$ cat input.cif   # mmCIF, C-alpha atoms
data_target
loop_
_atom_site.group_PDB
_atom_site.id
_atom_site.type_symbol
_atom_site.label_atom_id
_atom_site.label_comp_id
_atom_site.auth_asym_id
_atom_site.auth_seq_id
_atom_site.Cartn_x
_atom_site.Cartn_y
_atom_site.Cartn_z
ATOM 1 C CA MET Z 1 88.253 92.911 -99.949
ATOM 2 C CA GLN Z 2 87.176 90.001 -97.736
ATOM 3 C CA GLU Z 3 83.570 88.959 -98.256
ATOM 4 C CA PRO Z 4 81.344 89.054 -95.164
ATOM 5 C CA SER Z 5 80.846 85.678 -93.475
ATOM 6 C CA PHE Z 6 77.474 83.949 -93.603
ATOM 7 C CA GLN Z 7 75.238 84.894 -90.679
ATOM 8 C CA LEU Z 8 73.202 82.163 -89.033
ATOM 9 C CA PRO Z 9 69.436 82.714 -89.122
ATOM 10 C CA GLN Z 10 67.591 83.377 -85.890
ATOM 11 C CA LEU Z 11 66.716 80.257 -83.929
ATOM 12 C CA GLU Z 12 63.021 81.186 -83.713
ATOM 13 C CA TRP Z 13 62.858 81.259 -87.519
ATOM 14 C CA ILE Z 14 64.478 77.826 -87.740
ATOM 15 C CA ARG Z 15 62.122 76.360 -85.130
ATOM 16 C CA ALA Z 16 59.123 77.651 -87.087
ATOM 17 C CA PHE Z 17 60.473 76.056 -90.269
ATOM 18 C CA GLU Z 18 61.119 72.685 -88.595
ATOM 19 C CA ALA Z 19 57.672 72.522 -87.000
ATOM 20 C CA ALA Z 20 55.879 73.474 -90.220
ATOM 21 C CA ALA Z 21 57.933 71.039 -92.302
ATOM 22 C CA ARG Z 22 57.410 68.175 -89.844
ATOM 23 C CA LEU Z 23 53.684 68.794 -89.377
ATOM 24 C CA GLY Z 24 52.956 69.842 -92.966
ATOM 25 C CA SER Z 25 50.992 72.901 -91.928
ATOM 26 C CA PHE Z 26 51.601 76.458 -90.713
ATOM 27 C CA THR Z 27 48.449 76.160 -88.595
ATOM 28 C CA ALA Z 28 49.634 72.939 -86.908
ATOM 29 C CA ALA Z 29 53.066 74.490 -86.327
ATOM 30 C CA ALA Z 30 51.410 77.517 -84.707
ATOM 31 C CA ARG Z 31 49.368 75.247 -82.444
ATOM 32 C CA GLU Z 32 52.455 73.272 -81.368
ATOM 33 C CA THR Z 33 54.622 76.334 -80.698
ATOM 34 C CA GLY Z 34 51.925 78.451 -79.088
ATOM 35 C CA LEU Z 35 52.111 81.122 -81.801
ATOM 36 C CA THR Z 36 49.582 82.387 -84.311
ATOM 37 C CA GLN Z 37 49.501 81.157 -87.893
ATOM 38 C CA PRO Z 38 50.509 84.612 -89.249
ATOM 39 C CA ALA Z 39 53.476 84.649 -86.848
ATOM 40 C CA ILE Z 40 54.686 81.281 -88.165
ATOM 41 C CA SER Z 41 54.233 82.451 -91.760
ATOM 42 C CA GLN Z 42 56.140 85.659 -91.035
ATOM 43 C CA ARG Z 43 59.069 83.875 -89.414
ATOM 44 C CA ILE Z 44 59.388 81.454 -92.301
ATOM 45 C CA SER Z 45 59.267 84.324 -94.797
ATOM 46 C CA GLN Z 46 62.027 86.079 -92.859
ATOM 47 C CA LEU Z 47 64.056 82.860 -92.912
ATOM 48 C CA GLU Z 48 63.612 82.456 -96.661
ATOM 49 C CA ALA Z 49 64.650 86.088 -97.237
ATOM 50 C CA HIS Z 50 67.730 85.583 -95.066
ATOM 51 C CA LEU Z 51 68.741 82.396 -96.903
ATOM 52 C CA GLY Z 52 67.802 83.676 -100.326
ATOM 53 C CA ALA Z 53 65.889 80.477 -101.048
ATOM 54 C CA GLN Z 54 62.279 79.332 -101.069
ATOM 55 C CA LEU Z 55 61.736 76.577 -98.493
ATOM 56 C CA PHE Z 56 58.032 75.896 -99.075
ATOM 57 C CA LEU Z 57 55.787 75.771 -102.143
ATOM 58 C CA ARG Z 58 52.596 77.492 -101.030
ATOM 59 C CA GLN Z 59 49.240 76.601 -102.525
ATOM 60 C CA ALA Z 60 45.719 77.633 -101.560
ATOM 61 C CA ARG Z 61 45.288 75.268 -98.613
ATOM 62 C CA THR Z 62 48.504 73.245 -98.515
ATOM 63 C CA ILE Z 63 52.250 73.624 -98.276
ATOM 64 C CA THR Z 64 54.977 71.319 -99.516
ATOM 65 C CA LEU Z 65 58.712 71.503 -99.073
ATOM 66 C CA SER Z 66 60.764 72.812 -101.943
ATOM 67 C CA VAL Z 67 63.862 70.920 -103.082
ATOM 68 C CA GLU Z 68 66.010 73.238 -100.929
ATOM 69 C CA GLY Z 69 63.691 72.861 -97.929
ATOM 70 C CA GLU Z 70 63.631 69.073 -98.179
ATOM 71 C CA ALA Z 71 67.432 68.933 -98.412
ATOM 72 C CA TRP Z 72 67.905 71.241 -95.395
ATOM 73 C CA LEU Z 73 65.275 69.704 -93.070
ATOM 74 C CA PRO Z 74 67.254 66.652 -91.821
ATOM 75 C CA HIS Z 75 70.228 68.904 -90.981
ATOM 76 C CA VAL Z 76 67.966 71.273 -89.058
ATOM 77 C CA GLN Z 77 66.326 68.427 -87.144
ATOM 78 C CA ALA Z 78 69.672 66.852 -86.272
ATOM 79 C CA ALA Z 79 71.027 70.194 -85.027
ATOM 80 C CA LEU Z 80 67.931 70.920 -82.918
ATOM 81 C CA GLN Z 81 68.037 67.402 -81.485
ATOM 82 C CA GLU Z 82 71.698 67.788 -80.552
ATOM 83 C CA LEU Z 83 71.010 71.177 -78.976
ATOM 84 C CA SER Z 84 68.122 69.749 -76.962
ATOM 85 C CA GLU Z 85 70.026 66.701 -75.752
ATOM 86 C CA SER Z 86 73.208 68.591 -74.858
ATOM 87 C CA SER Z 87 71.193 71.204 -72.965
ATOM 88 C CA GLU Z 88 69.402 68.480 -71.020
ATOM 89 C CA MET Z 89 72.659 66.619 -70.360
ATOM 90 C CA LEU Z 90 74.431 69.695 -69.001
ATOM 91 C CA PHE Z 91 71.708 71.680 -67.296
ATOM 92 C CA ALA Z 92 68.612 69.576 -66.510
ATOM 93 C CA ARG Z 93 68.344 68.298 -62.970
ATOM 94 C CA ASP Z 94 68.261 64.536 -62.541
ATOM 95 C CA ARG Z 95 64.996 63.002 -61.460
ATOM 96 C CA THR Z 96 65.165 62.112 -57.778
ATOM 97 C CA HIS Z 97 62.727 59.211 -58.173
ATOM 98 C CA LEU Z 98 62.423 56.655 -60.970
ATOM 99 C CA THR Z 99 59.571 54.169 -61.433
ATOM 100 C CA PHE Z 100 59.933 50.896 -63.345
ATOM 101 C CA SER Z 101 57.107 48.732 -64.668
ATOM 102 C CA ALA Z 102 57.739 45.118 -65.684
ATOM 103 C CA SER Z 103 56.349 41.605 -65.472
ATOM 104 C CA GLN Z 104 56.803 39.732 -62.211
ATOM 105 C CA SER Z 105 59.289 37.401 -63.910
ATOM 106 C CA VAL Z 106 61.519 40.201 -65.221
ATOM 107 C CA ILE Z 107 61.363 41.978 -61.873
ATOM 108 C CA ALA Z 108 62.524 38.881 -60.007
ATOM 109 C CA LEU Z 109 65.012 37.465 -62.508
ATOM 110 C CA PHE Z 110 66.470 40.544 -64.196
ATOM 111 C CA LEU Z 111 65.702 43.757 -62.344
ATOM 112 C CA VAL Z 112 66.063 42.898 -58.650
ATOM 113 C CA PRO Z 113 69.647 41.571 -58.959
ATOM 114 C CA ARG Z 114 70.611 44.892 -60.584
ATOM 115 C CA LEU Z 115 68.567 47.371 -58.534
ATOM 116 C CA ALA Z 116 71.323 48.390 -56.130
ATOM 117 C CA GLU Z 117 73.614 49.333 -59.013
ATOM 118 C CA VAL Z 118 70.766 51.065 -60.880
ATOM 119 C CA GLU Z 119 70.033 53.159 -57.802
ATOM 120 C CA ARG Z 120 73.705 54.040 -57.430
ATOM 121 C CA VAL Z 121 74.390 55.122 -61.022
ATOM 122 C CA THR Z 122 71.143 57.082 -61.466
ATOM 123 C CA GLY Z 123 71.272 58.742 -58.045
ATOM 124 C CA ALA Z 124 67.516 58.205 -57.668
ATOM 125 C CA SER Z 125 65.241 56.282 -55.367
ATOM 126 C CA ILE Z 126 63.469 53.439 -57.157
ATOM 127 C CA SER Z 127 59.882 52.169 -57.258
ATOM 128 C CA VAL Z 128 58.944 48.971 -59.087
ATOM 129 C CA GLN Z 129 55.451 48.132 -60.347
ATOM 130 C CA SER Z 130 54.369 44.783 -61.772
ATOM 131 C CA TYR Z 131 51.768 44.400 -64.480
ATOM 132 C CA VAL Z 132 49.460 41.451 -64.994
ATOM 133 C CA LEU Z 133 49.554 39.041 -67.905
ATOM 134 C CA GLY Z 134 48.285 40.755 -71.036
ATOM 135 C CA GLY Z 135 49.596 44.161 -70.028
ATOM 136 C CA GLN Z 136 52.174 44.191 -72.794
ATOM 137 C CA SER Z 137 51.149 47.527 -74.281
ATOM 138 C CA ALA Z 138 53.589 50.335 -73.543
ATOM 139 C CA THR Z 139 52.212 53.834 -73.139
ATOM 140 C CA LEU Z 140 54.121 57.095 -73.105
ATOM 141 C CA ASP Z 141 54.112 58.207 -69.491
ATOM 142 C CA GLU Z 142 56.433 58.921 -66.576
ATOM 143 C CA VAL Z 143 57.237 55.257 -65.961
ATOM 144 C CA ILE Z 144 60.275 53.382 -67.292
ATOM 145 C CA GLN Z 145 58.790 50.273 -68.839
ATOM 146 C CA ILE Z 146 60.145 46.833 -69.688
ATOM 147 C CA ARG Z 147 58.024 45.197 -72.385
ATOM 148 C CA TYR Z 148 58.360 42.179 -74.656
ATOM 149 C CA GLY Z 149 58.260 42.761 -78.396
ATOM 150 C CA ALA Z 150 60.070 43.246 -81.687
ATOM 151 C CA GLY Z 151 61.226 46.805 -81.094
ATOM 152 C CA ASP Z 152 58.548 48.833 -82.871
ATOM 153 C CA TRP Z 153 58.012 51.196 -79.942
ATOM 154 C CA PRO Z 154 57.190 54.941 -80.084
ATOM 155 C CA HIS Z 155 59.339 55.901 -77.082
ATOM 156 C CA HIS Z 156 62.179 58.416 -77.264
ATOM 157 C CA TYR Z 157 64.476 56.111 -75.283
ATOM 158 C CA GLN Z 158 64.568 52.390 -76.038
ATOM 159 C CA MET Z 159 67.059 49.562 -75.724
ATOM 160 C CA PRO Z 160 66.780 45.742 -76.015
ATOM 161 C CA LEU Z 161 67.901 44.110 -72.780
ATOM 162 C CA TYR Z 162 69.334 40.951 -74.362
ATOM 163 C CA ASP Z 163 69.100 38.586 -77.329
ATOM 164 C CA GLU Z 164 66.386 36.039 -76.588
ATOM 165 C CA GLU Z 165 67.412 32.361 -76.715
ATOM 166 C CA LEU Z 166 65.276 29.423 -75.576
ATOM 167 C CA ALA Z 167 66.411 25.981 -74.458
ATOM 168 C CA PRO Z 168 65.183 23.160 -72.196
ATOM 169 C CA VAL Z 169 66.430 23.232 -68.601
ATOM 170 C CA ALA Z 170 65.873 20.974 -65.601
ATOM 171 C CA ALA Z 171 67.102 20.375 -62.081
ATOM 172 C CA PRO Z 172 69.993 17.922 -61.640
ATOM 173 C CA GLN Z 173 67.894 15.792 -59.276
ATOM 174 C CA LEU Z 174 65.288 15.206 -61.996
ATOM 175 C CA LEU Z 175 67.967 13.959 -64.374
ATOM 176 C CA ALA Z 176 69.325 11.649 -61.690
ATOM 177 C CA GLN Z 177 65.900 10.004 -61.354
ATOM 178 C CA GLY Z 178 65.224 9.686 -65.068
ATOM 179 C CA PRO Z 179 67.048 8.738 -68.254
ATOM 180 C CA GLY Z 180 69.539 11.611 -67.905
ATOM 181 C CA GLN Z 181 70.495 14.341 -70.343
ATOM 182 C CA GLY Z 182 70.904 11.922 -73.230
ATOM 183 C CA ASP Z 183 67.148 11.320 -73.516
ATOM 184 C CA TRP Z 184 65.522 14.257 -71.757
ATOM 185 C CA THR Z 185 62.592 14.311 -74.211
ATOM 186 C CA ALA Z 186 60.876 11.548 -72.199
ATOM 187 C CA LEU Z 187 60.754 13.714 -69.059
ATOM 188 C CA PRO Z 188 57.613 15.650 -68.081
ATOM 189 C CA ARG Z 189 57.476 19.164 -69.440
ATOM 190 C CA ILE Z 190 56.435 22.374 -67.757
ATOM 191 C CA ALA Z 191 54.330 24.733 -69.848
ATOM 192 C CA CYS Z 192 54.229 28.510 -69.487
ATOM 193 C CA THR Z 193 51.715 31.016 -70.834
ATOM 194 C CA GLY Z 194 53.385 34.084 -72.280
ATOM 195 C CA PRO Z 195 54.830 35.845 -75.313
ATOM 196 C CA ARG Z 196 57.662 33.398 -76.010
ATOM 197 C CA PRO Z 197 57.485 30.390 -78.380
ATOM 198 C CA ASP Z 198 56.080 27.301 -76.634
ATOM 199 C CA TRP Z 199 57.062 23.634 -76.603
ATOM 200 C CA HIS Z 200 55.234 22.992 -79.884
ATOM 201 C CA ALA Z 201 57.314 25.640 -81.668
ATOM 202 C CA PHE Z 202 60.537 24.341 -80.121
ATOM 203 C CA THR Z 203 59.963 20.671 -81.013
ATOM 204 C CA ARG Z 204 58.899 21.563 -84.550
ATOM 205 C CA ALA Z 205 62.013 23.689 -85.050
ATOM 206 C CA PHE Z 206 64.379 20.817 -84.226
ATOM 207 C CA GLY Z 207 62.330 17.747 -85.192
ATOM 208 C CA LEU Z 208 62.099 16.561 -81.593
ATOM 209 C CA PRO Z 209 59.323 14.377 -80.165
ATOM 210 C CA ALA Z 210 56.193 16.276 -79.211
ATOM 211 C CA THR Z 211 55.145 16.524 -75.584
ATOM 212 C CA PRO Z 212 54.667 12.987 -74.201
ATOM 213 C CA GLY Z 213 51.011 13.183 -73.186
ATOM 214 C CA ALA Z 214 49.652 16.214 -71.432
ATOM 215 C CA GLU Z 215 52.173 18.658 -70.011
ATOM 216 C CA ALA Z 216 52.449 17.957 -66.319
ATOM 217 C CA LEU Z 217 52.233 21.565 -65.142
ATOM 218 C CA ARG Z 218 51.288 24.936 -66.623
ATOM 219 C CA PHE Z 219 52.078 28.372 -65.149
ATOM 220 C CA ASP Z 220 51.121 31.892 -66.102
ATOM 221 C CA THR Z 221 54.541 33.400 -65.282
ATOM 222 C CA PHE Z 222 57.992 32.371 -66.412
ATOM 223 C CA HIS Z 223 59.363 32.855 -62.892
ATOM 224 C CA ALA Z 224 56.932 30.288 -61.477
ATOM 225 C CA ALA Z 225 57.743 27.806 -64.248
ATOM 226 C CA LEU Z 226 61.448 28.203 -63.536
ATOM 227 C CA GLU Z 227 60.915 27.644 -59.810
ATOM 228 C CA ALA Z 228 59.002 24.469 -60.609
ATOM 229 C CA ALA Z 229 61.872 23.276 -62.788
ATOM 230 C CA LYS Z 230 64.363 23.992 -59.989
ATOM 231 C CA SER Z 231 62.183 21.900 -57.675
ATOM 232 C CA GLY Z 232 62.562 18.921 -60.008
ATOM 233 C CA LEU Z 233 58.960 18.923 -61.252
ATOM 234 C CA GLY Z 234 59.776 18.841 -64.950
ATOM 235 C CA VAL Z 235 61.647 20.377 -67.880
ATOM 236 C CA ALA Z 236 61.045 24.071 -68.591
ATOM 237 C CA LEU Z 237 61.587 25.795 -71.920
ATOM 238 C CA ALA Z 238 63.658 28.640 -70.525
ATOM 239 C CA SER Z 239 64.878 32.032 -71.622
ATOM 240 C CA LEU Z 240 68.609 31.436 -71.182
ATOM 241 C CA PRO Z 241 69.475 35.090 -70.374
ATOM 242 C CA LEU Z 242 66.959 35.018 -67.500
ATOM 243 C CA CYS Z 243 68.349 31.874 -65.893
ATOM 244 C CA THR Z 244 72.084 32.518 -66.306
ATOM 245 C CA GLU Z 245 72.705 32.534 -62.562
ATOM 246 C CA ASP Z 246 70.779 29.290 -61.968
ATOM 247 C CA LEU Z 247 72.773 27.575 -64.720
ATOM 248 C CA ARG Z 248 76.057 28.946 -63.403
ATOM 249 C CA GLU Z 249 75.321 27.835 -59.846
ATOM 250 C CA GLY Z 250 74.134 24.375 -60.930
ATOM 251 C CA ARG Z 251 70.538 24.744 -59.789
ATOM 252 C CA LEU Z 252 69.525 24.073 -63.390
ATOM 253 C CA VAL Z 253 71.147 22.181 -66.261
ATOM 254 C CA GLN Z 254 70.665 22.979 -69.937
ATOM 255 C CA LEU Z 255 69.473 19.884 -71.811
ATOM 256 C CA GLY Z 256 70.653 19.004 -75.291
ATOM 257 C CA SER Z 257 72.421 21.287 -77.743
ATOM 258 C CA GLU Z 258 69.339 22.817 -79.359
ATOM 259 C CA VAL Z 259 68.916 26.562 -78.752
ATOM 260 C CA LEU Z 260 66.049 28.446 -80.359
ATOM 261 C CA PRO Z 261 66.716 32.158 -81.085
ATOM 262 C CA HIS Z 262 63.720 34.454 -81.091
ATOM 263 C CA GLY Z 263 63.375 37.817 -82.800
ATOM 264 C CA GLU Z 264 61.484 39.344 -79.893
ATOM 265 C CA THR Z 265 62.880 40.180 -76.483
ATOM 266 C CA TYR Z 266 62.419 42.512 -73.528
ATOM 267 C CA TRP Z 267 62.970 46.212 -74.211
ATOM 268 C CA LEU Z 268 63.709 49.039 -71.808
ATOM 269 C CA LEU Z 269 61.448 51.964 -72.785
ATOM 270 C CA ALA Z 270 61.078 55.515 -71.515
ATOM 271 C CA SER Z 271 59.828 58.927 -72.532
ATOM 272 C CA LYS Z 272 61.698 62.139 -71.788
ATOM 273 C CA ARG Z 273 59.283 62.672 -68.904
ATOM 274 C CA ALA Z 274 60.300 59.434 -67.232
ATOM 275 C CA ILE Z 275 64.072 59.895 -67.000
ATOM 276 C CA ARG Z 276 66.792 62.446 -67.747
ATOM 277 C CA ARG Z 277 69.312 61.790 -70.524
ATOM 278 C CA ARG Z 278 72.294 61.462 -68.165
ATOM 279 C CA GLN Z 279 70.393 58.963 -66.054
ATOM 280 C CA TRP Z 280 69.305 56.998 -69.123
ATOM 281 C CA ASP Z 281 72.892 56.759 -70.356
ATOM 282 C CA ALA Z 282 74.081 55.602 -66.915
ATOM 283 C CA LEU Z 283 71.223 53.098 -66.639
ATOM 284 C CA THR Z 284 71.705 51.531 -70.065
ATOM 285 C CA THR Z 285 75.488 51.341 -69.667
ATOM 286 C CA THR Z 286 75.028 49.488 -66.379
ATOM 287 C CA LEU Z 287 72.503 47.043 -67.829
ATOM 288 C CA LEU Z 288 74.668 46.342 -70.888
ATOM 289 C CA GLN Z 289 77.681 45.651 -68.681
ATOM 290 C CA SER Z 290 75.655 43.256 -66.540
ATOM 291 C CA LYS Z 291 74.629 40.967 -69.412
ATOM 292 C CA GLY Z 292 75.500 37.394 -68.637
#
$ encode --input "input.cif" --output "structure tokens"
Amino acid sequence: MQEPSFQLPQLEWIRAFEAAARLGSFTAAARETGLTQPAISQRISQLEAHLGAQLFLRQARTITLSVEGEAWLPHVQAALQELSESSEMLFARDRTHLTFSASQSVIALFLVPRLAEVERVTGASISVQSYVLGGQSATLDEVIQIRYGAGDWPHHYQMPLYDEELAPVAAPQLLAQGPGQGDWTALPRIACTGPRPDWHAFTRAFGLPATPGAEALRFDTFHAALEAAKSGLGVALASLPLCTEDLREGRLVQLGSEVLPHGETYWLLASKRAIRRRQWDALTTTLLQSKG
């Protein structure tokens, strides 16, 4: 005689187990799911009876996962995550409006050249907000954020925009007036306030001469510093991914062979409230394809 096949437990039982295991409390799981604590306890007991295994070790005021519960939890969480994402991908309506928040430099140098394609692939109208210097913190809200950091963000969706590399750049006309590329270290340098390594870090890394006297100019945005460099006012320590077009078109020239990599970069960040999964996938694919 053929043995009966294993019957999957009810989804509501599994959801109660996952919430209690993740939060470490039947009471917290009840609060998150909108149920009562006895209802959570009952569903987990029904699940344990169905599986024929104890999932939690219950003590007077605490619960801990059993060996079986701990082994099963990552599989449950992966399955629920896949169910949630596939449901959103297939059935959730796209957001008709997306809002981006970034520094003025990233807006001008990275986002604006790509906005038409972003609007096309997401099917949404776009708003762009700039934040002032010091507004690097990234909150969980309905705004797609671009922030500089090492990647330790709490957001559901996150992607680094590029690998940060820093090198000196200047306008061709400045080189024509001075000693040329061979001895660019004697040229005036443009300083920029911001999260990237400065001239002191760059010169120390490669054993180059320190800034000759006071830096001629200092700006509080990278975009302004780059514009000053293009005007021939000095040498800027530039983020190479943000000035690719200027280098390609000859408005700027990279000086020397020294390139300083940096572990931090700009990240694209969003919560589930800010963008739908299909739109996020389309957005990130477009931005990855546009690198360089």
$ residues_near_point --input "input.cif" --point "(59.4, 61.4, -73.6)" --cutoff "12 Å" --atoms "all atoms listed in the file" --output "list in words"
Thr139, Leu140, Asp141, Glu142, Val143, Ile144, Pro154, His155, His156, Tyr157, Gln158, Leu269, Ala270, Ser271, Lys272, Arg273, Ala274, Ile275, Arg276, Arg277 and Trp280 of chain Z
$ closest_residue --input "input.cif" --among "Z:His223, Z:Ser127, Z:Leu109, Z:Asp163" --to "Thr244 of chain Z" --atoms "only C-alpha atoms"
Z:Leu109
$ resolve_selection --input "input.cif" --expression "the PyMOL selection byres ((chain Z and resi 232) around 8)" --output "ChimeraX atom specification"
/Z:170-174,228-231,233-234
$ residues_around --input "input.cif" --residues "Ser125 of chain Z" --least-positions-apart "4" --cutoff "8 Å" --atoms "only C-alpha atoms" --output "number ranges by chain"
Z: 96-98, 119
$ resolve_selection --input "input.cif" --expression "the PyMOL selection byres ((chain Z and resi 19) around 12)" --output "VMD selection string"
chain Z and resid 12 to 18 20 to 35 37 40 to 41 43 to 44 73 76 to 77 80
$ residues_around --input "input.cif" --residues "Asp198 of chain Z" --least-positions-apart "3" --cutoff "12 Å" --atoms "only C-alpha atoms" --output "number ranges by chain"
Z: 166-168, 189-195, 201-205, 210-211, 215, 218, 222, 236-239, 260, 262
$ write_last_selection --input "input.cif" --atoms "C-alpha atoms" --output "CSV table (one decimal), in the coordinates of the input"
chain,number,residue,atom,x,y,z
Z,166,LEU,CA,65.3,29.4,-75.6
Z,167,ALA,CA,66.4,26.0,-74.5
Z,168,PRO,CA,65.2,23.2,-72.2
Z,189,ARG,CA,57.5,19.2,-69.4
Z,190,ILE,CA,56.4,22.4,-67.8
Z,191,ALA,CA,54.3,24.7,-69.8
Z,192,CYS,CA,54.2,28.5,-69.5
Z,193,THR,CA,51.7,31.0,-70.8
Z,194,GLY,CA,53.4,34.1,-72.3
Z,195,PRO,CA,54.8,35.8,-75.3
Z,201,ALA,CA,57.3,25.6,-81.7
Z,202,PHE,CA,60.5,24.3,-80.1
Z,203,THR,CA,60.0,20.7,-81.0
Z,204,ARG,CA,58.9,21.6,-84.6
Z,205,ALA,CA,62.0,23.7,-85.0
Z,210,ALA,CA,56.2,16.3,-79.2
Z,211,THR,CA,55.1,16.5,-75.6
Z,215,GLU,CA,52.2,18.7,-70.0
Z,218,ARG,CA,51.3,24.9,-66.6
Z,222,PHE,CA,58.0,32.4,-66.4
Z,236,ALA,CA,61.0,24.1,-68.6
Z,237,LEU,CA,61.6,25.8,-71.9
Z,238,ALA,CA,63.7,28.6,-70.5
Z,239,SER,CA,64.9,32.0,-71.6
Z,260,LEU,CA,66.0,28.4,-80.4
Z,262,HIS,CA,63.7,34.5,-81.1
